[in-house]
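The file coords-v8.cif comes next; it holds mmCIF, C-alpha atoms; chains and numbers go by the auth columns.
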data_coords
loop_
_atom_site.group_PDB
_atom_site.id
_atom_site.type_symbol
_atom_site.label_atom_id
_atom_site.label_comp_id
_atom_site.label_asym_id
_atom_site.label_seq_id
_atom_site.Cartn_x
_atom_site.Cartn_y
_atom_site.Cartn_z
_atom_site.B_iso_or_equiv
_atom_site.auth_seq_id
_atom_site.auth_asym_id
ATOM 1 C CA LEU A 1 97.636 -43.025 -41.830 0.00 1 A
ATOM 2 C CA GLN A 2 94.011 -41.992 -41.418 0.00 2 A
ATOM 3 C CA SER A 3 95.002 -38.346 -41.265 0.00 3 A
ATOM 4 C CA PHE A 4 95.967 -38.552 -44.958 0.00 4 A
ATOM 5 C CA VAL A 5 93.239 -37.562 -47.399 0.00 5 A
ATOM 6 C CA LEU A 6 93.134 -38.910 -50.931 0.00 6 A
ATOM 7 C CA LEU A 7 91.736 -35.866 -52.715 0.00 7 A
ATOM 8 C CA LYS A 8 91.987 -37.133 -56.273 0.00 8 A
ATOM 9 C CA ASN A 9 92.832 -40.441 -57.929 0.00 9 A
ATOM 10 C CA ASP A 10 91.898 -40.400 -61.589 0.00 10 A
ATOM 11 C CA ASP A 11 91.768 -43.812 -63.248 0.00 11 A
ATOM 12 C CA GLY A 12 93.006 -45.461 -60.057 0.00 12 A
ATOM 13 C CA LEU A 13 96.508 -44.059 -60.486 0.00 13 A
ATOM 14 C CA LEU A 14 97.330 -44.882 -56.868 0.00 14 A
ATOM 15 C CA PRO A 15 98.620 -47.084 -55.421 0.00 15 A
ATOM 16 C CA PHE A 16 101.924 -47.049 -57.248 0.00 16 A
ATOM 17 C CA ALA A 17 103.701 -50.302 -58.066 0.00 17 A
ATOM 18 C CA GLN A 18 106.623 -51.319 -55.912 0.00 18 A
ATOM 19 C CA GLY A 19 109.739 -52.168 -57.920 0.00 19 A
ATOM 20 C CA LYS A 20 109.282 -49.632 -60.701 0.00 20 A
ATOM 21 C CA SER A 21 111.710 -46.740 -61.005 0.00 21 A
ATOM 22 C CA THR A 22 110.329 -43.858 -58.969 0.00 22 A
ATOM 23 C CA ALA A 23 111.409 -40.214 -58.958 0.00 23 A
ATOM 24 C CA ILE A 24 110.570 -38.400 -55.737 0.00 24 A
ATOM 25 C CA LEU A 25 110.766 -34.667 -56.198 0.00 25 A
ATOM 26 C CA GLY A 26 109.947 -31.413 -54.451 0.00 26 A
ATOM 27 C CA PRO A 27 110.985 -29.269 -51.510 0.00 27 A
ATOM 28 C CA HIS A 28 109.757 -31.669 -48.851 0.00 28 A
ATOM 29 C CA VAL A 29 111.807 -34.713 -49.880 0.00 29 A
ATOM 30 C CA PHE A 30 114.551 -33.846 -47.386 0.00 30 A
ATOM 31 C CA SER A 31 112.314 -32.307 -44.719 0.00 31 A
ATOM 32 C CA LYS A 32 112.503 -33.439 -41.115 0.00 32 A
ATOM 33 C CA ARG A 33 111.543 -30.444 -38.975 0.00 33 A
ATOM 34 C CA ASP A 34 108.871 -29.544 -41.506 0.00 34 A
ATOM 35 C CA LEU A 35 107.190 -32.930 -41.198 0.00 35 A
ATOM 36 C CA MET A 36 105.938 -31.674 -37.834 0.00 36 A
ATOM 37 C CA SER A 37 103.791 -28.798 -36.665 0.00 37 A
ATOM 38 C CA ASP A 38 104.765 -25.720 -34.683 0.00 38 A
ATOM 39 C CA TYR A 39 103.709 -27.465 -31.464 0.00 39 A
ATOM 40 C CA LYS A 40 105.936 -30.508 -31.796 0.00 40 A
ATOM 41 C CA GLY A 41 107.946 -30.030 -28.595 0.00 41 A
ATOM 42 C CA ASP A 42 111.662 -30.796 -28.555 0.00 42 A
ATOM 43 C CA GLU A 43 111.962 -34.408 -27.431 0.00 43 A
ATOM 44 C CA GLN A 44 111.345 -36.431 -30.595 0.00 44 A
ATOM 45 C CA CYS A 45 114.944 -37.651 -30.394 0.00 45 A
ATOM 46 C CA VAL A 46 117.487 -37.820 -27.582 0.00 46 A
ATOM 47 C CA GLY A 47 119.208 -34.475 -27.199 0.00 47 A
ATOM 48 C CA GLY A 48 116.554 -32.585 -29.121 0.00 48 A
ATOM 49 C CA THR A 49 117.930 -33.521 -32.559 0.00 49 A
ATOM 50 C CA ASP A 50 116.067 -34.978 -35.525 0.00 50 A
ATOM 51 C CA ASP A 51 118.516 -37.843 -36.069 0.00 51 A
ATOM 52 C CA CYS A 52 116.217 -40.655 -34.948 0.00 52 A
ATOM 53 C CA TYR A 53 113.666 -40.483 -37.769 0.00 53 A
ATOM 54 C CA PRO A 54 114.031 -40.446 -41.555 0.00 54 A
ATOM 55 C CA SER A 55 113.173 -37.876 -44.158 0.00 55 A
ATOM 56 C CA ILE A 56 110.983 -38.971 -47.048 0.00 56 A
ATOM 57 C CA ALA A 57 114.066 -39.321 -49.235 0.00 57 A
ATOM 58 C CA GLU A 58 115.852 -41.454 -46.653 0.00 58 A
ATOM 59 C CA TYR A 59 112.944 -43.810 -46.062 0.00 59 A
ATOM 60 C CA PHE A 60 111.904 -44.273 -49.690 0.00 60 A
ATOM 61 C CA THR A 61 115.519 -44.861 -50.712 0.00 61 A
ATOM 62 C CA ALA A 62 116.074 -47.343 -47.872 0.00 62 A
ATOM 63 C CA VAL A 63 113.058 -49.388 -48.995 0.00 63 A
ATOM 64 C CA SER A 64 113.944 -49.319 -52.710 0.00 64 A
ATOM 65 C CA PRO A 65 117.573 -48.206 -53.108 0.00 65 A
ATOM 66 C CA ASP A 66 117.920 -49.421 -56.695 0.00 66 A
ATOM 67 C CA THR A 67 114.747 -47.879 -58.082 0.00 67 A
ATOM 68 C CA THR A 68 114.408 -44.549 -56.242 0.00 68 A
ATOM 69 C CA THR A 69 115.778 -41.258 -57.542 0.00 69 A
ATOM 70 C CA VAL A 70 115.640 -38.114 -55.397 0.00 70 A
ATOM 71 C CA GLU A 71 115.793 -34.516 -56.597 0.00 71 A
ATOM 72 C CA GLN A 72 114.511 -31.532 -54.643 0.00 72 A
ATOM 73 C CA GLY A 73 114.047 -29.263 -57.657 0.00 73 A
ATOM 74 C CA VAL A 74 113.072 -26.141 -55.702 0.00 74 A
ATOM 75 C CA ASP A 75 113.079 -24.876 -52.118 0.00 75 A
ATOM 76 C CA LEU A 76 109.967 -24.388 -50.035 0.00 76 A
ATOM 77 C CA ASP A 77 110.171 -20.635 -50.497 0.00 77 A
ATOM 78 C CA SER A 78 112.851 -19.133 -52.723 0.00 78 A
ATOM 79 C CA THR A 79 113.470 -18.093 -56.317 0.00 79 A
ATOM 80 C CA ASN A 80 116.339 -20.538 -56.807 0.00 80 A
ATOM 81 C CA SER A 81 115.603 -22.531 -59.958 0.00 81 A
ATOM 82 C CA SER A 82 119.001 -24.232 -60.331 0.00 82 A
ATOM 83 C CA GLY A 83 117.680 -27.633 -59.259 0.00 83 A
ATOM 84 C CA ILE A 84 114.815 -27.816 -61.755 0.00 84 A
ATOM 85 C CA PRO A 85 116.748 -29.329 -64.724 0.00 85 A
ATOM 86 C CA ALA A 86 117.972 -32.253 -62.601 0.00 86 A
ATOM 87 C CA ALA A 87 114.460 -32.852 -61.312 0.00 87 A
ATOM 88 C CA LEU A 88 113.004 -32.840 -64.816 0.00 88 A
ATOM 89 C CA LYS A 89 115.682 -35.293 -65.944 0.00 89 A
ATOM 90 C CA ALA A 90 114.894 -37.595 -63.026 0.00 90 A
ATOM 91 C CA ALA A 91 111.202 -37.466 -63.905 0.00 91 A
ATOM 92 C CA ALA A 92 111.951 -38.203 -67.561 0.00 92 A
ATOM 93 C CA ASN A 93 113.893 -41.338 -66.614 0.00 93 A
ATOM 94 C CA ALA A 94 111.341 -42.677 -64.128 0.00 94 A
ATOM 95 C CA ASP A 95 108.381 -45.012 -64.503 0.00 95 A
ATOM 96 C CA GLN A 96 106.409 -43.008 -61.919 0.00 96 A
ATOM 97 C CA VAL A 97 106.802 -39.640 -60.186 0.00 97 A
ATOM 98 C CA ILE A 98 105.807 -38.279 -56.788 0.00 98 A
ATOM 99 C CA LEU A 99 105.919 -34.540 -56.006 0.00 99 A
ATOM 100 C CA PHE A 100 106.129 -33.506 -52.349 0.00 100 A
ATOM 101 C CA LEU A 101 104.999 -29.880 -52.043 0.00 101 A
ATOM 102 C CA GLY A 102 103.689 -27.597 -49.320 0.00 102 A
ATOM 103 C CA ILE A 103 104.743 -25.248 -46.562 0.00 103 A
ATOM 104 C CA GLY A 104 106.675 -25.516 -43.316 0.00 104 A
ATOM 105 C CA ASN A 105 107.553 -23.876 -40.045 0.00 105 A
ATOM 106 C CA THR A 106 109.128 -20.873 -41.766 0.00 106 A
ATOM 107 C CA GLN A 107 105.863 -20.061 -43.532 0.00 107 A
ATOM 108 C CA GLU A 108 103.557 -20.692 -40.578 0.00 108 A
ATOM 109 C CA HIS A 109 104.174 -20.690 -36.847 0.00 109 A
ATOM 110 C CA GLU A 110 102.972 -19.082 -33.654 0.00 110 A
ATOM 111 C CA GLY A 111 103.039 -15.308 -34.098 0.00 111 A
ATOM 112 C CA ILE A 112 103.058 -15.256 -37.902 0.00 112 A
ATOM 113 C CA ASP A 113 100.194 -15.309 -40.391 0.00 113 A
ATOM 114 C CA ARG A 114 100.294 -16.006 -44.102 0.00 114 A
ATOM 115 C CA MET A 115 98.927 -13.253 -46.326 0.00 115 A
ATOM 116 C CA ASN A 116 97.797 -15.779 -48.941 0.00 116 A
ATOM 117 C CA THR A 117 97.263 -19.515 -49.221 0.00 117 A
ATOM 118 C CA SER A 118 99.230 -20.139 -52.422 0.00 118 A
ATOM 119 C CA LEU A 119 102.217 -22.462 -52.530 0.00 119 A
ATOM 120 C CA PRO A 120 105.256 -20.262 -51.859 0.00 120 A
ATOM 121 C CA GLY A 121 108.338 -19.736 -53.997 0.00 121 A
ATOM 122 C CA LEU A 122 108.617 -21.577 -57.300 0.00 122 A
ATOM 123 C CA GLN A 123 106.656 -24.635 -56.236 0.00 123 A
ATOM 124 C CA GLU A 124 103.624 -24.102 -58.441 0.00 124 A
ATOM 125 C CA PRO A 125 105.448 -23.412 -61.739 0.00 125 A
ATOM 126 C CA PHE A 126 107.889 -26.221 -60.951 0.00 126 A
ATOM 127 C CA ALA A 127 105.090 -28.689 -60.290 0.00 127 A
ATOM 128 C CA LEU A 128 103.216 -27.656 -63.428 0.00 128 A
ATOM 129 C CA GLU A 129 106.356 -28.145 -65.517 0.00 129 A
ATOM 130 C CA VAL A 130 106.920 -31.615 -64.074 0.00 130 A
ATOM 131 C CA LEU A 131 103.265 -32.584 -64.535 0.00 131 A
ATOM 132 C CA LYS A 132 103.222 -31.339 -68.119 0.00 132 A
ATOM 133 C CA GLN A 133 106.312 -33.383 -68.930 0.00 133 A
ATOM 134 C CA CYS A 134 104.759 -36.439 -67.302 0.00 134 A
ATOM 135 C CA GLN A 135 101.539 -35.990 -69.265 0.00 135 A
ATOM 136 C CA GLU A 136 103.465 -35.769 -72.522 0.00 136 A
ATOM 137 C CA SER A 137 105.408 -38.947 -71.739 0.00 137 A
ATOM 138 C CA ASN A 138 102.409 -40.745 -70.200 0.00 138 A
ATOM 139 C CA THR A 139 104.268 -41.128 -66.910 0.00 139 A
ATOM 140 C CA PRO A 140 102.028 -41.532 -63.827 0.00 140 A
ATOM 141 C CA ALA A 141 102.538 -38.631 -61.405 0.00 141 A
ATOM 142 C CA ALA A 142 101.080 -37.897 -57.992 0.00 142 A
ATOM 143 C CA VAL A 143 101.214 -34.808 -55.777 0.00 143 A
ATOM 144 C CA VAL A 144 101.527 -34.987 -51.987 0.00 144 A
ATOM 145 C CA LEU A 145 100.850 -31.831 -49.963 0.00 145 A
ATOM 146 C CA ILE A 146 102.560 -31.375 -46.597 0.00 146 A
ATOM 147 C CA ASN A 147 101.212 -28.452 -44.591 0.00 147 A
ATOM 148 C CA GLY A 148 99.355 -27.391 -41.480 0.00 148 A
ATOM 149 C CA GLY A 149 97.162 -24.497 -42.576 0.00 149 A
ATOM 150 C CA ALA A 150 95.271 -24.997 -45.819 0.00 150 A
ATOM 151 C CA VAL A 151 97.016 -24.314 -49.120 0.00 151 A
ATOM 152 C CA ALA A 152 95.491 -23.409 -52.485 0.00 152 A
ATOM 153 C CA PHE A 153 96.746 -25.257 -55.549 0.00 153 A
ATOM 154 C CA ASP A 154 94.145 -24.589 -58.232 0.00 154 A
ATOM 155 C CA PRO A 155 96.227 -25.172 -61.416 0.00 155 A
ATOM 156 C CA ILE A 156 97.895 -28.233 -59.914 0.00 156 A
ATOM 157 C CA ALA A 157 94.518 -29.665 -58.931 0.00 157 A
ATOM 158 C CA SER A 158 93.433 -29.760 -62.558 0.00 158 A
ATOM 159 C CA ASP A 159 96.733 -31.076 -63.938 0.00 159 A
ATOM 160 C CA ALA A 160 97.564 -33.761 -61.360 0.00 160 A
ATOM 161 C CA SER A 161 95.913 -37.161 -61.700 0.00 161 A
ATOM 162 C CA ALA A 162 96.404 -38.029 -58.031 0.00 162 A
ATOM 163 C CA ILE A 163 96.608 -35.692 -55.027 0.00 163 A
ATOM 164 C CA VAL A 164 97.149 -36.540 -51.364 0.00 164 A
ATOM 165 C CA GLU A 165 96.734 -34.078 -48.483 0.00 165 A
ATOM 166 C CA ALA A 166 99.133 -35.336 -45.816 0.00 166 A
ATOM 167 C CA PHE A 167 99.110 -32.351 -43.441 0.00 167 A
ATOM 168 C CA TYR A 168 102.157 -32.640 -41.119 0.00 168 A
ATOM 169 C CA PRO A 169 102.729 -36.413 -40.923 0.00 169 A
ATOM 170 C CA SER A 170 105.254 -36.275 -38.021 0.00 170 A
ATOM 171 C CA VAL A 171 108.171 -38.554 -37.175 0.00 171 A
ATOM 172 C CA ARG A 172 106.810 -41.682 -38.853 0.00 172 A
ATOM 173 C CA GLY A 173 105.393 -39.694 -41.732 0.00 173 A
ATOM 174 C CA ALA A 174 107.807 -40.993 -44.345 0.00 174 A
ATOM 175 C CA GLU A 175 106.970 -44.583 -43.422 0.00 175 A
ATOM 176 C CA ALA A 176 103.230 -43.892 -43.434 0.00 176 A
ATOM 177 C CA LEU A 177 103.358 -42.061 -46.762 0.00 177 A
ATOM 178 C CA HIS A 178 105.238 -44.909 -48.377 0.00 178 A
ATOM 179 C CA ALA A 179 102.685 -47.410 -47.069 0.00 179 A
ATOM 180 C CA ALA A 180 99.771 -45.337 -48.370 0.00 180 A
ATOM 181 C CA LEU A 181 101.247 -44.449 -51.756 0.00 181 A
ATOM 182 C CA PHE A 182 102.375 -47.996 -52.550 0.00 182 A
ATOM 183 C CA GLY A 183 99.242 -49.759 -51.357 0.00 183 A
ATOM 184 C CA LYS A 184 100.500 -51.385 -48.167 0.00 184 A
ATOM 185 C CA GLU A 185 97.700 -49.569 -46.341 0.00 185 A
ATOM 186 C CA ASN A 186 94.316 -48.256 -47.464 0.00 186 A
ATOM 187 C CA ARG A 187 93.185 -46.141 -44.505 0.00 187 A
ATOM 188 C CA TRP A 188 92.476 -42.735 -45.975 0.00 188 A
ATOM 189 C CA GLY A 189 90.636 -40.056 -44.020 0.00 189 A
ATOM 190 C CA LYS A 190 88.294 -37.181 -44.835 0.00 190 A
ATOM 191 C CA LEU A 191 88.987 -33.451 -45.117 0.00 191 A
ATOM 192 C CA PRO A 192 88.433 -31.685 -41.782 0.00 192 A
ATOM 193 C CA VAL A 193 88.397 -28.281 -43.522 0.00 193 A
ATOM 194 C CA THR A 194 87.153 -26.607 -46.682 0.00 194 A
ATOM 195 C CA LEU A 195 89.897 -26.009 -49.253 0.00 195 A
ATOM 196 C CA TYR A 196 89.365 -22.743 -51.137 0.00 196 A
ATOM 197 C CA ASN A 197 90.910 -21.463 -54.335 0.00 197 A
ATOM 198 C CA LYS A 198 93.832 -19.056 -54.223 0.00 198 A
ATOM 199 C CA ASP A 199 91.616 -15.983 -54.757 0.00 199 A
ATOM 200 C CA PHE A 200 89.633 -16.594 -51.585 0.00 200 A
ATOM 201 C CA PRO A 201 91.830 -14.406 -49.305 0.00 201 A
ATOM 202 C CA ASN A 202 91.079 -11.470 -51.634 0.00 202 A
ATOM 203 C CA GLU A 203 87.338 -12.094 -51.452 0.00 203 A
ATOM 204 C CA VAL A 204 86.960 -11.874 -47.685 0.00 204 A
ATOM 205 C CA ASP A 205 87.914 -9.407 -44.977 0.00 205 A
ATOM 206 C CA PHE A 206 89.886 -11.389 -42.437 0.00 206 A
ATOM 207 C CA THR A 207 89.356 -8.732 -39.803 0.00 207 A
ATOM 208 C CA ASN A 208 85.602 -9.318 -40.039 0.00 208 A
ATOM 209 C CA PHE A 209 84.571 -12.449 -38.189 0.00 209 A
ATOM 210 C CA ASP A 210 81.050 -12.634 -39.614 0.00 210 A
ATOM 211 C CA MET A 211 81.211 -16.173 -41.025 0.00 211 A
ATOM 212 C CA ALA A 212 78.049 -15.724 -43.083 0.00 212 A
ATOM 213 C CA LYS A 213 79.084 -12.515 -44.846 0.00 213 A
ATOM 214 C CA SER A 214 79.354 -13.145 -48.595 0.00 214 A
ATOM 215 C CA PRO A 215 81.012 -15.219 -49.931 0.00 215 A
ATOM 216 C CA GLY A 216 80.888 -16.895 -46.525 0.00 216 A
ATOM 217 C CA ARG A 217 83.286 -19.229 -44.787 0.00 217 A
ATOM 218 C CA THR A 218 83.348 -22.913 -43.903 0.00 218 A
ATOM 219 C CA TYR A 219 81.040 -25.571 -45.302 0.00 219 A
ATOM 220 C CA LYS A 220 78.069 -23.966 -43.529 0.00 220 A
ATOM 221 C CA TYR A 221 78.203 -20.568 -45.208 0.00 221 A
ATOM 222 C CA TYR A 222 80.518 -20.602 -48.236 0.00 222 A
ATOM 223 C CA THR A 223 78.494 -19.899 -51.368 0.00 223 A
ATOM 224 C CA GLY A 224 81.304 -20.377 -53.877 0.00 224 A
ATOM 225 C CA THR A 225 82.748 -23.563 -55.314 0.00 225 A
ATOM 226 C CA PRO A 226 85.464 -24.966 -53.049 0.00 226 A
ATOM 227 C CA LEU A 227 88.618 -26.484 -54.438 0.00 227 A
ATOM 228 C CA PHE A 228 87.756 -29.524 -52.306 0.00 228 A
ATOM 229 C CA GLU A 229 84.832 -29.538 -49.905 0.00 229 A
ATOM 230 C CA PHE A 230 84.745 -30.328 -46.211 0.00 230 A
ATOM 231 C CA GLY A 231 84.389 -34.072 -45.666 0.00 231 A
ATOM 232 C CA HIS A 232 85.767 -35.027 -49.090 0.00 232 A
ATOM 233 C CA GLY A 233 88.024 -38.040 -49.266 0.00 233 A
ATOM 234 C CA LEU A 234 88.482 -41.077 -51.497 0.00 234 A
ATOM 235 C CA SER A 235 89.797 -44.541 -50.744 0.00 235 A
#
Would it be possible to restate this file's structure as structure tokens?
Amino acid sequence: LQSFVLLKNDDGLLPFAQGKSTAILGPHVFSKRDLMSDYKGDEQCVGGTDDCYPSIAEYFTAVSPDTTTVEQGVDLDSTNSSGIPAALKAAANADQVILFLGIGNTQEHEGIDRMNTSLPGLQEPFALEVLKQCQESNTPAAVVLINGGAVAFDPIASDASAIVEAFYPSVRGAEALHAALFGKENRWGKLPVTLYNKDFPNEVDFTNFDMAKSPGRTYKYYTGTPLFEFGHGLS
């Protein structure tokens, strides 16, 4: 729970109310493997499967089966937009909306580096479309980011009223996220890294390890305006 960071919570949007109709959307709603890092090992469940712990969709639905609607909308990293209309419809019919975005083991693992820090695939335009619809209908909407390495989400940061950085929450992540988002727990942490905007990879030479070279890196040397600064975190 204390690994989660509440980055933004305008007007006290969170915690959400239990019992209201809730649409949970985004590419991580059905994730299991991608709730864990690249160094997870292979013994979470007997036989090396992932059958012994729930996805976010499974846990949220088990807690509130009559008021939870699940639609993925888009994949973590593809151009398939066929699920977006169903997700928008679910959001339109809900009292509150939660978007689960981010990256997973396909995008980052030992031996592979990302060339940028943007959300892959159609996640950003999908999220912006959902958030715009929610703003127009005055429907509360929160964004939860699930990732290991930092991601940049500049447009979403300005449009979302509530944002949670969950990193990889592991096998009990769905349970912990539900507790945090619905106010059963209030144990938020602080950012252990600086979050930069999506242009940052183009502003630095990643083969040059001079941390102080303009525009600098980390909280000690960065001279720009971070998306969210090291140590930030609300409660």
Selection result for the PyMOL selection byres ((chain A and resi 220-224) around 12) on this file, as a PDB file with C-alpha atoms, in the frame of the given file:
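Result saved to part_27.pdb:
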ATOM      1  CA  VAL A 193      88.397 -28.281 -43.522  1.00  0.00           C
ATOM      2  CA  THR A 194      87.153 -26.607 -46.682  1.00  0.00           C
ATOM      3  CA  LEU A 195      89.897 -26.009 -49.253  1.00  0.00           C
ATOM      4  CA  TYR A 196      89.365 -22.743 -51.137  1.00  0.00           C
ATOM      5  CA  ASN A 197      90.910 -21.463 -54.335  1.00  0.00           C
ATOM      6  CA  ASP A 199      91.616 -15.983 -54.757  1.00  0.00           C
ATOM      7  CA  PHE A 200      89.633 -16.594 -51.585  1.00  0.00           C
ATOM      8  CA  GLU A 203      87.338 -12.094 -51.452  1.00  0.00           C
ATOM      9  CA  VAL A 204      86.960 -11.874 -47.685  1.00  0.00           C
ATOM     10  CA  ASP A 210      81.050 -12.634 -39.614  1.00  0.00           C
ATOM     11  CA  MET A 211      81.211 -16.173 -41.025  1.00  0.00           C
ATOM     12  CA  ALA A 212      78.049 -15.724 -43.083  1.00  0.00           C
ATOM     13  CA  LYS A 213      79.084 -12.515 -44.846  1.00  0.00           C
ATOM     14  CA  SER A 214      79.354 -13.145 -48.595  1.00  0.00           C
ATOM     15  CA  PRO A 215      81.012 -15.219 -49.931  1.00  0.00           C
ATOM     16  CA  GLY A 216      80.888 -16.895 -46.525  1.00  0.00           C
ATOM     17  CA  ARG A 217      83.286 -19.229 -44.787  1.00  0.00           C
ATOM     18  CA  THR A 218      83.348 -22.913 -43.903  1.00  0.00           C
ATOM     19  CA  TYR A 219      81.040 -25.571 -45.302  1.00  0.00           C
ATOM     20  CA  THR A 225      82.748 -23.563 -55.314  1.00  0.00           C
ATOM     21  CA  PRO A 226      85.464 -24.966 -53.049  1.00  0.00           C
ATOM     22  CA  LEU A 227      88.618 -26.484 -54.438  1.00  0.00           C
ATOM     23  CA  PHE A 228      87.756 -29.524 -52.306  1.00  0.00           C
ATOM     24  CA  GLU A 229      84.832 -29.538 -49.905  1.00  0.00           C
ATOM     25  CA  PHE A 230      84.745 -30.328 -46.211  1.00  0.00           C
TER      26      PHE A 230
END
| said: Quick check on the file I pasted: which residues fall under the PyMOL selection byres ((chain A and resi 13) around 9)? Write them as a PyMOL selection string. | reply: chain A and resi 9-12+14-16+140-142+161-162
Which polymer residues have any atom within 6 Å of an atom of stretch 100-109 of chain A, counting only C-alpha atoms, with same-chain residues fewer than 3 positions away left out, as an mmCIF file with C-alpha atoms, in the coordinates of the input?
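Final output, part.cif:
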data_model
loop_
_atom_site.group_PDB
_atom_site.id
_atom_site.type_symbol
_atom_site.label_atom_id
_atom_site.label_comp_id
_atom_site.auth_asym_id
_atom_site.auth_seq_id
_atom_site.Cartn_x
_atom_site.Cartn_y
_atom_site.Cartn_z
ATOM 1 C CA GLY A 26 109.947 -31.413 -54.451
ATOM 2 C CA HIS A 28 109.757 -31.669 -48.851
ATOM 3 C CA ASP A 34 108.871 -29.544 -41.506
ATOM 4 C CA ASP A 38 104.765 -25.720 -34.683
ATOM 5 C CA ILE A 112 103.058 -15.256 -37.902
ATOM 6 C CA VAL A 144 101.527 -34.987 -51.987
ATOM 7 C CA LEU A 145 100.850 -31.831 -49.963
ATOM 8 C CA ILE A 146 102.560 -31.375 -46.597
ATOM 9 C CA ASN A 147 101.212 -28.452 -44.591
#
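The smallest atom-to-atom distance between A:Leu181 and any of A:Arg114, A:Ala17, A:Asp95, A:Ser137, using all atoms listed in the file, is found for A:Ala17.
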| message | I'd like the contact shell of A:Val5 - 8 Å cut-off, only C-alpha atoms, skipping same-chain residues fewer than 6 positions apart - returned as a PyMOL selection string. | response | chain A and resi 164-166+188-191+233-234
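Between atom CA of A:Ser31 and atom CA of A:Glu136 the separation is 29.4 Å.
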| Which residues fall under the PyMOL selection byres ((chain A and resi 1) around 8) in this file, as a count of residues only? | 10
| Between A:Cys52, A:His232, A:Gly149, A:Ser158, which is the closest to A:Ser37 once you count only C-alpha atoms? | A:Gly149
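Remark: for A:Val74, the closest of the candidate residues A:Glu124, A:Glu175, A:Glu43, A:Asp205 is A:Glu124 (distances computed over all atoms listed in the file).
The space separating atom CA of A:Ile163 from atom CA of A:Gly41 comes to 29.3 Å.
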| task | Can you pull out every residue within 12 Å of A:Gln133, counting all atoms listed in the file, but drop anything in the same chain fewer than 2 positions away, and send it as a list in words? | result | Pro85, Ala87, Leu88, Lys89, Ala90, Ala91, Ala92, Asn93, Ala94, Gln96, Val97, Phe126, Ala127, Leu128, Glu129, Val130, Leu131, Gln135, Glu136, Ser137, Asn138, Thr139, Pro140, Ala141, Asp159 and Ala160 of chain A
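Here the question is which of A:Lys8, A:Gly121, A:Arg172, A:Tyr39 gets nearest to A:Ser78 using only C-alpha atoms, and that residue is A:Gly121.
Our summary of the geometry notes that atom CA of A:Lys132 is positioned 16.0 Å from atom CA of A:Ile24.
The smallest atom-to-atom distance between A:Lys198 and any of A:Asn80, A:Ser118, A:Gln123, A:Ser235, using only C-alpha atoms, is found for A:Ser118.
Closest approach to A:Thr22 among A:Ile84, A:Leu76, A:Ala57, A:Ile156: A:Ala57, based on only C-alpha atoms.
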Need the axis-aligned box for stretch 146-162 of chain A with 4 Å each side, so what are the centre and edges in Å to one decimal, as AutoDock Vina command-line options?
--center_x 98.0 --center_y -30.7 --center_z -52.7 --size_x 17.1 --size_y 22.6 --size_z 30.5
| field | Test item: residues at most 10 Å from A:Asn202, all atoms listed in the file, excluding those fewer than 4 positions along its chain, as a PyMOL selection string | value | chain A and resi 115-116+198+206
May I have the selected residues written with C-alpha atoms, as a PDB file, in the coordinates of the input?
ATOM      1  CA  MET A 115      98.927 -13.253 -46.326  1.00  0.00           C
ATOM      2  CA  ASN A 116      97.797 -15.779 -48.941  1.00  0.00           C
ATOM      3  CA  LYS A 198      93.832 -19.056 -54.223  1.00  0.00           C
ATOM      4  CA  PHE A 206      89.886 -11.389 -42.437  1.00  0.00           C
TER       5      PHE A 206
END
Missing atoms of stretch 117-124 of chain A rebuilt to N, CA, C and O atoms, written as a PDB file, keeping the file's coordinate frame:
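To be explicit, this is the file written out as rebuild-v3.pdb:
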ATOM      1  N   THR A 117      97.227 -18.067 -49.424  1.00  0.00           N
ATOM      2  CA  THR A 117      97.263 -19.515 -49.221  1.00  0.00           C
ATOM      3  C   THR A 117      97.926 -20.250 -50.377  1.00  0.00           C
ATOM      4  O   THR A 117      97.876 -21.487 -50.444  1.00  0.00           O
ATOM      5  N   SER A 118      98.559 -19.513 -51.275  1.00  0.00           N
ATOM      6  CA  SER A 118      99.230 -20.139 -52.422  1.00  0.00           C
ATOM      7  C   SER A 118     100.492 -20.870 -51.988  1.00  0.00           C
ATOM      8  O   SER A 118     101.080 -20.566 -50.941  1.00  0.00           O
ATOM      9  N   LEU A 119     100.930 -21.826 -52.774  1.00  0.00           N
ATOM     10  CA  LEU A 119     102.217 -22.462 -52.530  1.00  0.00           C
ATOM     11  C   LEU A 119     103.320 -21.427 -52.717  1.00  0.00           C
ATOM     12  O   LEU A 119     103.342 -20.723 -53.728  1.00  0.00           O
ATOM     13  N   PRO A 120     104.239 -21.317 -51.769  1.00  0.00           N
ATOM     14  CA  PRO A 120     105.256 -20.262 -51.859  1.00  0.00           C
ATOM     15  C   PRO A 120     106.373 -20.594 -52.854  1.00  0.00           C
ATOM     16  O   PRO A 120     106.502 -21.724 -53.321  1.00  0.00           O
ATOM     17  N   GLY A 121     107.166 -19.554 -53.144  1.00  0.00           N
ATOM     18  CA  GLY A 121     108.338 -19.736 -53.997  1.00  0.00           C
ATOM     19  C   GLY A 121     107.975 -20.185 -55.398  1.00  0.00           C
ATOM     20  O   GLY A 121     106.975 -19.756 -55.982  1.00  0.00           O
ATOM     21  N   LEU A 122     108.787 -21.093 -55.926  1.00  0.00           N
ATOM     22  CA  LEU A 122     108.617 -21.577 -57.300  1.00  0.00           C
ATOM     23  C   LEU A 122     107.887 -22.915 -57.369  1.00  0.00           C
ATOM     24  O   LEU A 122     107.889 -23.573 -58.410  1.00  0.00           O
ATOM     25  N   GLN A 123     107.255 -23.297 -56.277  1.00  0.00           N
ATOM     26  CA  GLN A 123     106.656 -24.635 -56.236  1.00  0.00           C
ATOM     27  C   GLN A 123     105.593 -24.855 -57.310  1.00  0.00           C
ATOM     28  O   GLN A 123     105.568 -25.901 -57.967  1.00  0.00           O
ATOM     29  N   GLU A 124     104.706 -23.896 -57.479  1.00  0.00           N
ATOM     30  CA  GLU A 124     103.624 -24.102 -58.441  1.00  0.00           C
ATOM     31  C   GLU A 124     104.137 -24.207 -59.878  1.00  0.00           C
ATOM     32  O   GLU A 124     103.801 -25.182 -60.575  1.00  0.00           O
TER      33      GLU A 124
END
